[in-house]
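The data block below is start07.csv; it holds CSV, C-alpha atoms.
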chain,number,residue,atom,x,y,z
U,256,MET,CA,58.9,53.4,-24.3
U,257,LEU,CA,56.1,51.0,-25.4
U,258,ALA,CA,58.6,48.2,-25.9
U,259,ASP,CA,60.1,48.8,-22.5
U,260,ALA,CA,56.6,48.9,-20.9
U,261,LEU,CA,55.6,45.7,-22.6
U,262,GLU,CA,58.9,44.0,-21.5
U,263,HIS,CA,58.3,45.1,-17.9
U,264,LEU,CA,54.7,43.9,-17.9
U,265,VAL,CA,55.8,40.5,-19.3
U,266,ARG,CA,58.9,40.0,-17.1
U,267,GLY,CA,56.7,40.4,-14.0
U,268,ILE,CA,54.4,37.5,-14.9
U,269,VAL,CA,56.9,34.8,-16.0
U,270,ASP,CA,59.2,32.3,-14.3
U,271,HIS,CA,62.1,33.2,-16.6
U,272,PRO,CA,62.2,37.0,-16.8
U,273,ASP,CA,65.7,37.0,-18.2
U,274,ASP,CA,64.5,35.2,-21.3
U,275,VAL,CA,62.0,37.9,-22.2
U,276,GLN,CA,62.8,39.8,-25.3
U,277,VAL,CA,60.7,42.5,-27.0
U,278,SER,CA,61.6,43.6,-30.5
U,279,ALA,CA,59.9,46.5,-32.4
U,280,ARG,CA,59.3,46.4,-36.1
U,281,SER,CA,57.6,49.0,-38.3
U,282,LEU,CA,54.9,47.6,-40.5
U,283,ARG,CA,53.0,49.5,-43.2
U,284,ARG,CA,50.0,49.5,-41.0
U,285,GLY,CA,51.7,50.5,-37.8
U,286,GLU,CA,54.1,49.2,-35.2
U,287,LEU,CA,54.5,45.5,-34.3
U,288,LEU,CA,56.0,44.5,-31.0
U,289,GLU,CA,57.2,40.9,-30.9
U,290,VAL,CA,57.5,39.3,-27.5
U,291,ARG,CA,59.8,36.3,-27.1
U,292,VAL,CA,59.5,34.2,-23.9
U,293,HIS,CA,60.9,30.9,-22.6
U,294,PRO,CA,58.8,28.0,-24.0
U,295,GLU,CA,57.6,27.1,-20.4
U,296,ASP,CA,56.2,30.6,-20.0
U,297,LEU,CA,54.3,30.7,-23.3
U,298,GLY,CA,51.1,29.4,-21.8
U,299,ARG,CA,51.3,31.9,-19.0
U,300,VAL,CA,51.8,34.9,-21.3
U,301,ILE,CA,49.0,33.8,-23.6
U,302,GLY,CA,46.6,32.8,-20.8
U,303,ARG,CA,43.3,30.9,-21.0
U,304,SER,CA,41.6,31.6,-24.3
U,305,GLY,CA,44.2,34.3,-25.0
U,306,ARG,CA,43.1,36.4,-22.0
U,307,THR,CA,46.5,37.5,-20.9
U,308,ALA,CA,47.8,38.3,-24.4
U,309,ARG,CA,44.6,40.3,-24.8
U,310,ALA,CA,45.3,42.2,-21.6
U,311,LEU,CA,48.8,43.0,-22.7
U,312,ARG,CA,47.5,44.3,-26.0
U,313,THR,CA,44.9,46.5,-24.3
U,314,VAL,CA,47.4,48.1,-21.9
U,315,VAL,CA,50.1,48.7,-24.6
U,316,ASN,CA,47.5,50.2,-27.0
U,317,ALA,CA,46.2,52.5,-24.2
U,318,MET,CA,49.8,53.7,-23.6
U,319,SER,CA,50.5,54.2,-27.3
U,320,PRO,CA,50.5,57.9,-28.2
U,321,ASP,CA,49.8,57.3,-31.9
U,322,GLY,CA,47.7,54.7,-33.4
U,323,SER,CA,47.4,51.0,-32.9
U,324,VAL,CA,50.2,48.6,-32.0
U,325,ARG,CA,50.2,44.9,-32.8
U,326,VAL,CA,51.5,42.6,-30.1
U,327,ASP,CA,52.6,39.1,-31.0
U,328,VAL,CA,53.8,36.5,-28.5
U,329,VAL,CA,56.2,33.8,-29.8
U,330,ASP,CA,58.4,31.3,-28.0
U,331,VAL,CA,62.2,31.7,-28.1
U,332,ASP,CA,62.7,28.6,-30.2
U,333,ARG,CA,60.8,30.1,-33.2
U,334,ARG,CA,62.6,32.2,-35.6
I,68,MET,CA,36.9,31.0,-1.1
I,69,THR,CA,34.5,30.5,1.9
I,70,GLU,CA,35.9,29.7,5.3
I,71,SER,CA,34.2,26.9,7.1
I,72,SER,CA,35.5,27.8,10.6
I,73,ALA,CA,35.9,31.2,12.2
I,74,PRO,CA,39.4,32.4,11.7
I,75,THR,CA,41.5,32.5,14.8
I,76,GLU,CA,43.2,35.8,15.7
I,77,GLN,CA,46.6,34.4,14.6
I,78,ASN,CA,45.1,33.3,11.3
I,79,ASP,CA,43.7,36.8,10.8
I,80,VAL,CA,47.1,38.3,11.4
I,81,SER,CA,48.8,36.0,8.9
I,82,VAL,CA,46.0,36.6,6.3
I,83,THR,CA,46.4,40.4,6.7
I,84,ARG,CA,50.2,40.0,6.3
I,85,ARG,CA,49.8,38.0,3.2
I,86,LEU,CA,47.4,40.5,1.7
I,87,GLU,CA,49.8,43.4,2.6
I,88,GLU,CA,52.5,41.5,0.8
I,89,GLU,CA,50.3,41.1,-2.3
I,90,GLY,CA,49.8,44.9,-2.2
I,91,GLU,CA,53.5,45.5,-2.0
I,92,ILE,CA,54.3,43.2,-4.9
I,93,ALA,CA,51.6,44.9,-6.9
I,94,ALA,CA,52.9,48.4,-6.0
I,95,ASP,CA,56.4,47.5,-7.2
I,96,TYR,CA,55.0,46.2,-10.5
I,97,LEU,CA,52.8,49.3,-11.0
I,98,GLU,CA,55.4,51.9,-9.9
I,99,GLU,CA,57.9,50.7,-12.5
I,100,LEU,CA,55.1,50.8,-15.2
I,101,LEU,CA,54.4,54.4,-14.3
I,102,ASP,CA,58.1,55.2,-14.4
I,103,ILE,CA,58.5,53.8,-17.8
I,104,ALA,CA,55.5,55.6,-19.1
I,105,ASP,CA,56.6,58.8,-17.4
I,106,LEU,CA,53.2,59.0,-15.5
I,107,ASP,CA,52.9,60.6,-12.1
I,108,GLY,CA,50.9,58.9,-9.4
I,109,ASP,CA,51.1,57.7,-5.8
I,110,ILE,CA,50.3,54.1,-4.9
I,111,ASP,CA,48.1,53.4,-1.9
I,112,ILE,CA,47.9,49.9,-0.4
I,113,ASP,CA,45.1,48.7,1.8
I,114,VAL,CA,43.2,45.6,2.8
I,115,ASP,CA,39.5,45.6,2.2
I,116,HIS,CA,36.9,42.8,2.6
I,117,GLY,CA,39.5,40.1,2.6
I,118,ARG,CA,41.3,41.4,-0.5
I,119,ALA,CA,44.4,43.5,-1.2
I,120,ALA,CA,43.2,46.9,-2.5
I,121,VAL,CA,45.7,48.9,-4.5
I,122,GLU,CA,45.1,52.4,-5.9
I,123,ILE,CA,47.1,54.6,-8.2
I,124,VAL,CA,46.2,58.0,-6.9
I,125,ALA,CA,46.5,61.0,-9.2
I,126,GLU,CA,48.7,63.8,-8.3
I,127,ALA,CA,47.8,67.4,-9.1
I,128,GLY,CA,47.6,67.6,-12.9
I,129,SER,CA,48.2,63.9,-13.6
I,130,GLU,CA,44.6,62.8,-13.6
I,131,ARG,CA,44.1,63.2,-17.4
I,132,ALA,CA,47.2,61.2,-18.2
I,133,LEU,CA,46.2,58.4,-15.7
I,134,ARG,CA,42.8,58.2,-17.4
I,135,ARG,CA,44.5,56.5,-20.3
I,136,LEU,CA,45.2,53.6,-18.0
I,137,VAL,CA,41.5,53.4,-17.1
I,138,GLY,CA,40.0,53.5,-20.6
I,139,THR,CA,36.5,54.7,-21.7
I,140,GLU,CA,34.7,52.0,-19.8
I,141,GLY,CA,37.4,50.8,-17.4
I,142,GLU,CA,38.6,48.1,-19.9
I,143,VAL,CA,42.2,49.2,-19.6
I,144,LEU,CA,41.9,49.3,-15.8
I,145,ASP,CA,40.6,45.7,-15.9
I,146,ALA,CA,43.5,44.6,-18.1
I,147,VAL,CA,46.1,46.3,-15.8
I,148,GLN,CA,44.4,44.6,-12.8
I,149,GLU,CA,44.6,41.2,-14.5
I,150,LEU,CA,48.3,41.6,-15.2
I,151,THR,CA,48.9,42.9,-11.7
I,152,ARG,CA,47.2,39.8,-10.2
I,153,LEU,CA,49.4,37.6,-12.4
I,154,ALA,CA,52.5,39.4,-11.3
I,155,VAL,CA,51.5,38.8,-7.6
I,156,GLN,CA,50.7,35.1,-8.4
I,157,THR,CA,54.1,34.7,-10.0
I,158,LYS,CA,55.9,35.9,-6.9
I,159,THR,CA,53.7,34.2,-4.2
I,160,GLY,CA,52.6,31.1,-6.1
I,161,GLU,CA,49.0,31.7,-5.1
I,162,ARG,CA,46.1,33.2,-7.0
I,163,SER,CA,45.3,36.8,-6.1
I,164,ARG,CA,41.9,38.5,-5.9
I,165,LEU,CA,43.5,41.9,-5.6
I,166,MET,CA,41.4,45.0,-6.5
I,167,LEU,CA,43.0,47.8,-8.4
I,168,ASP,CA,41.7,51.3,-8.8
I,169,ILE,CA,43.2,54.1,-10.8
I,170,ALA,CA,42.4,57.8,-10.2
I,171,GLY,CA,39.2,57.0,-8.3
I,172,TYR,CA,37.4,55.3,-11.3
I,173,ARG,CA,36.1,52.3,-9.4
I,174,ALA,CA,35.1,54.4,-6.4
I,175,ALA,CA,33.0,56.7,-8.6
I,176,ARG,CA,31.5,53.8,-10.5
I,177,ARG,CA,30.6,52.0,-7.2
I,178,ALA,CA,28.7,55.1,-6.1
I,179,GLU,CA,26.9,55.3,-9.5
I,180,LEU,CA,26.0,51.6,-9.5
I,181,THR,CA,24.8,51.7,-5.9
I,182,GLU,CA,22.2,54.2,-7.0
I,183,VAL,CA,21.2,52.1,-10.0
I,184,ALA,CA,20.8,49.0,-7.8
I,185,LYS,CA,18.8,50.9,-5.2
I,186,LYS,CA,16.4,52.1,-7.8
I,187,ALA,CA,16.0,48.6,-9.3
I,188,VAL,CA,15.4,47.2,-5.8
I,189,ALA,CA,12.6,49.7,-5.3
I,190,GLU,CA,11.1,48.8,-8.6
I,191,VAL,CA,11.1,45.1,-7.9
I,192,ARG,CA,9.5,45.8,-4.5
I,193,SER,CA,6.7,47.8,-5.9
I,194,SER,CA,6.0,45.7,-9.0
I,195,GLY,CA,6.7,42.3,-7.5
I,196,GLU,CA,8.5,41.3,-10.7
I,197,ALA,CA,12.1,40.6,-11.6
I,198,VAL,CA,14.2,43.3,-13.1
I,199,ALA,CA,17.1,42.7,-15.5
I,200,LEU,CA,19.9,45.3,-15.5
I,201,GLU,CA,22.3,46.3,-18.3
I,202,PRO,CA,25.3,44.0,-18.9
I,203,MET,CA,28.2,44.7,-16.5
I,204,ASN,CA,31.7,43.4,-15.8
I,205,PRO,CA,32.4,41.2,-12.7
I,206,PHE,CA,33.4,44.1,-10.4
I,207,GLU,CA,30.2,46.0,-11.3
I,208,ARG,CA,27.9,43.0,-10.8
I,209,LYS,CA,29.5,42.4,-7.4
I,210,VAL,CA,28.6,45.9,-6.4
I,211,VAL,CA,25.0,45.4,-7.4
I,212,HIS,CA,24.8,41.9,-5.8
I,213,ASP,CA,26.0,43.4,-2.5
I,214,VAL,CA,23.4,46.2,-2.5
I,215,VAL,CA,20.6,43.7,-3.4
I,216,ALA,CA,21.7,41.3,-0.6
I,217,GLU,CA,21.7,44.1,1.9
I,218,SER,CA,18.2,45.1,0.9
I,219,GLY,CA,16.9,41.5,1.5
I,220,LEU,CA,16.0,40.7,-2.1
I,221,VAL,CA,17.8,38.1,-4.2
I,222,SER,CA,19.9,38.5,-7.4
I,223,ASP,CA,21.6,36.2,-10.0
I,224,SER,CA,23.9,36.8,-12.9
I,225,ASP,CA,22.5,35.7,-16.2
I,226,GLY,CA,23.8,35.5,-19.8
I,227,VAL,CA,27.3,35.1,-21.1
I,228,GLU,CA,30.1,37.7,-21.2
I,229,PRO,CA,30.1,40.4,-22.5
I,230,ALA,CA,26.3,40.3,-22.1
I,231,ARG,CA,26.3,38.9,-18.6
I,232,HIS,CA,24.0,40.9,-16.4
I,233,VAL,CA,22.3,41.0,-13.0
I,234,VAL,CA,18.7,40.0,-12.5
I,235,ILE,CA,17.0,41.2,-9.3
I,236,LYS,CA,14.1,39.1,-8.0
I,237,PRO,CA,11.5,39.5,-5.3
I,238,ALA,CA,12.6,37.7,-2.1
Would you encode the structure as structure tokens?
Amino acid sequence: MLADALEHLVRGIVDHPDDVQVSARSLRRGELLEVRVHPEDLGRVIGRSGRTARALRTVVNAMSPDGSVRVDVVDVDRR
Amino acid sequence: MTESSAPTEQNDVSVTRRLEEEGEIAADYLEELLDIADLDGDIDIDVDHGRAAVEIVAEAGSERALRRLVGTEGEVLDAVQELTRLAVQTKTGERSRLMLDIAGYRAARRAELTEVAKKAVAEVRSSGEAVALEPMNPFERKVVHDVVAESGLVSDSDGVEPARHVVIKPA
């Protein structure tokens, strides 16, 4: 549910919604959601001084039923 | 965002239509979020003081669940609002100043802050000295500035986020 919510939130704010991918990984200290976007959309998703990325984290964590979730934004070229 | 000339009637109509369109884009974005999160809520769209105003209204029994999207001090609501504005901007190509409320949080906060501002105005009037209020977010400061302006006194914002606060001064 969280990954779907994050994918929806990001798809709505980019120019290349079909390039948005969210993958979930379990880390020792909780869940990590990795958002991949088109390189041209990277700035938009991070925002000025990281403002948009912070808003995404705030909303996803508020929706998380158990514990904290890490949200990382990376561009599709990075592996 | 000040307008130098009085808007013509036709301009008014097109501005209202643009703001309604903002509200509709926002409603679509938020409705799908509610669906994914399995949260119940109706979405109201309005135009208020030259801005699109969108509210997620709680249905019977859904208020507590919607509170999660508000946060303890409205910080989640501000984040949802920010993302919603960006979603609108992505579709229209123009910046949006849309206001979002969830489960009546801003409405209640506005009433509370109006009281705080009125008390401070009375204090400035009787003492003749400036009064500095607690730090507030942009929405909260706007509520206070409006009350002060209406009372005929002057106010400024001082300090840097998150300590930015309103100072009310004698006229």
- [ ] State, in Å with one decimal place, the distance from CA of Ala184 in chain I to CA of His212 in chain I.
- [x] 8.4 Å
Task: Proximity to Met318 in chain U - best of I:Val183, I:Val80, I:Ile103, I:Ala94, only C-alpha atoms - done: I:Ile103
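Restricting the calculation to only C-alpha atoms, the smallest distance between chain U and any of I:Glu142, I:Glu98, I:Asp213, I:Glu196 is found for I:Glu142.
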Dump as JSON lines the rows for residues of chain I within 6 Å of chain U: closest atom pair and distance in Å with one decimal, all atoms listed in the file counted, ordered by chain and rising residue number.
{"residue": "I:Arg135", "atom": "CA", "partner": "U:Ala317", "partner_atom": "CA", "distance": 5.8}
{"residue": "I:Val143", "atom": "CA", "partner": "U:Val314", "partner_atom": "CA", "distance": 5.8}
{"residue": "I:Ala146", "atom": "CA", "partner": "U:Ala310", "partner_atom": "CA", "distance": 4.6}
{"residue": "I:Leu153", "atom": "CA", "partner": "U:Ile268", "partner_atom": "CA", "distance": 5.6}
{"residue": "I:Ala154", "atom": "CA", "partner": "U:Ile268", "partner_atom": "CA", "distance": 4.5}
{"residue": "I:Thr157", "atom": "CA", "partner": "U:Ile268", "partner_atom": "CA", "distance": 5.7}
In the coordinate frame of the file, compute which residues have an atom within 10 Å of (55.7, 30.5, -23.9) when using all atoms listed in the file, and state them as a PDB file with C-alpha atoms, keeping the file's coordinate frame.
ATOM      1  CA  VAL U 269      56.900  34.800 -16.000  1.00  0.00           C
ATOM      2  CA  VAL U 275      62.000  37.900 -22.200  1.00  0.00           C
ATOM      3  CA  VAL U 290      57.500  39.300 -27.500  1.00  0.00           C
ATOM      4  CA  ARG U 291      59.800  36.300 -27.100  1.00  0.00           C
ATOM      5  CA  VAL U 292      59.500  34.200 -23.900  1.00  0.00           C
ATOM      6  CA  HIS U 293      60.900  30.900 -22.600  1.00  0.00           C
ATOM      7  CA  PRO U 294      58.800  28.000 -24.000  1.00  0.00           C
ATOM      8  CA  GLU U 295      57.600  27.100 -20.400  1.00  0.00           C
ATOM      9  CA  ASP U 296      56.200  30.600 -20.000  1.00  0.00           C
ATOM     10  CA  LEU U 297      54.300  30.700 -23.300  1.00  0.00           C
ATOM     11  CA  GLY U 298      51.100  29.400 -21.800  1.00  0.00           C
ATOM     12  CA  ARG U 299      51.300  31.900 -19.000  1.00  0.00           C
ATOM     13  CA  VAL U 300      51.800  34.900 -21.300  1.00  0.00           C
ATOM     14  CA  ILE U 301      49.000  33.800 -23.600  1.00  0.00           C
ATOM     15  CA  GLY U 302      46.600  32.800 -20.800  1.00  0.00           C
ATOM     16  CA  VAL U 328      53.800  36.500 -28.500  1.00  0.00           C
ATOM     17  CA  VAL U 329      56.200  33.800 -29.800  1.00  0.00           C
ATOM     18  CA  ASP U 330      58.400  31.300 -28.000  1.00  0.00           C
ATOM     19  CA  VAL U 331      62.200  31.700 -28.100  1.00  0.00           C
ATOM     20  CA  ASP U 332      62.700  28.600 -30.200  1.00  0.00           C
TER      21      ASP U 332
END
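The interatomic distance for the pair CA of Arg325 in chain U and CA of Glu262 in chain U works out to 14.3 Å.
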Shell around range 120-133 of chain I at 10 Å using all atoms listed in the file, local window under 4 positions removed, as an mmCIF file with C-alpha atoms, keeping the file's coordinate frame:
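Contents of out-v3.cif, as written:
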data_model
loop_
_atom_site.group_PDB
_atom_site.id
_atom_site.type_symbol
_atom_site.label_atom_id
_atom_site.label_comp_id
_atom_site.auth_asym_id
_atom_site.auth_seq_id
_atom_site.Cartn_x
_atom_site.Cartn_y
_atom_site.Cartn_z
ATOM 1 C CA MET U 318 49.800 53.700 -23.600
ATOM 2 C CA LEU I 86 47.400 40.500 1.700
ATOM 3 C CA GLU I 87 49.800 43.400 2.600
ATOM 4 C CA GLU I 89 50.300 41.100 -2.300
ATOM 5 C CA GLY I 90 49.800 44.900 -2.200
ATOM 6 C CA GLU I 91 53.500 45.500 -2.000
ATOM 7 C CA ALA I 93 51.600 44.900 -6.900
ATOM 8 C CA ALA I 94 52.900 48.400 -6.000
ATOM 9 C CA LEU I 97 52.800 49.300 -11.000
ATOM 10 C CA GLU I 98 55.400 51.900 -9.900
ATOM 11 C CA LEU I 101 54.400 54.400 -14.300
ATOM 12 C CA ASP I 105 56.600 58.800 -17.400
ATOM 13 C CA LEU I 106 53.200 59.000 -15.500
ATOM 14 C CA ASP I 107 52.900 60.600 -12.100
ATOM 15 C CA GLY I 108 50.900 58.900 -9.400
ATOM 16 C CA ASP I 109 51.100 57.700 -5.800
ATOM 17 C CA ILE I 110 50.300 54.100 -4.900
ATOM 18 C CA ASP I 111 48.100 53.400 -1.900
ATOM 19 C CA ILE I 112 47.900 49.900 -0.400
ATOM 20 C CA ASP I 113 45.100 48.700 1.800
ATOM 21 C CA VAL I 114 43.200 45.600 2.800
ATOM 22 C CA ASP I 115 39.500 45.600 2.200
ATOM 23 C CA HIS I 116 36.900 42.800 2.600
ATOM 24 C CA VAL I 137 41.500 53.400 -17.100
ATOM 25 C CA GLY I 138 40.000 53.500 -20.600
ATOM 26 C CA GLN I 148 44.400 44.600 -12.800
ATOM 27 C CA THR I 151 48.900 42.900 -11.700
ATOM 28 C CA ARG I 164 41.900 38.500 -5.900
ATOM 29 C CA LEU I 165 43.500 41.900 -5.600
ATOM 30 C CA MET I 166 41.400 45.000 -6.500
ATOM 31 C CA LEU I 167 43.000 47.800 -8.400
ATOM 32 C CA ASP I 168 41.700 51.300 -8.800
ATOM 33 C CA ILE I 169 43.200 54.100 -10.800
ATOM 34 C CA ALA I 170 42.400 57.800 -10.200
ATOM 35 C CA GLY I 171 39.200 57.000 -8.300
ATOM 36 C CA TYR I 172 37.400 55.300 -11.300
ATOM 37 C CA ARG I 173 36.100 52.300 -9.400
#
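Here CA of Thr181 in chain I and CA of Val227 in chain I stand 22.6 Å from one another.
The smallest atom-to-atom distance between Met203 in chain I and any of I:Val188, I:Ile235, I:Leu180, I:Val221, using only C-alpha atoms, is found for I:Leu180.
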- [ ] Please provide the set of residues having any atom within 12 Å of Val191 in chain I, restricted to all atoms listed in the file, with same-chain residues fewer than 4 positions apart removed, written as JSON, numbers by chain.
- [x] {"I": [184, 185, 186, 187, 195, 196, 197, 198, 199, 200, 215, 218, 219, 220, 221, 222, 234, 235, 236, 237, 238]}
Open item on the list: At a cut-off of 8 Å, using only C-alpha atoms, what residues contact Leu287 in chain U? Leave out same-chain residues fewer than 2 positions from it and give the result as a list in words.
Closed with: Ala279, Arg280, Ser281, Leu282, Gly285, Glu289, Val324, Arg325, Val326 and Asp327 of chain U
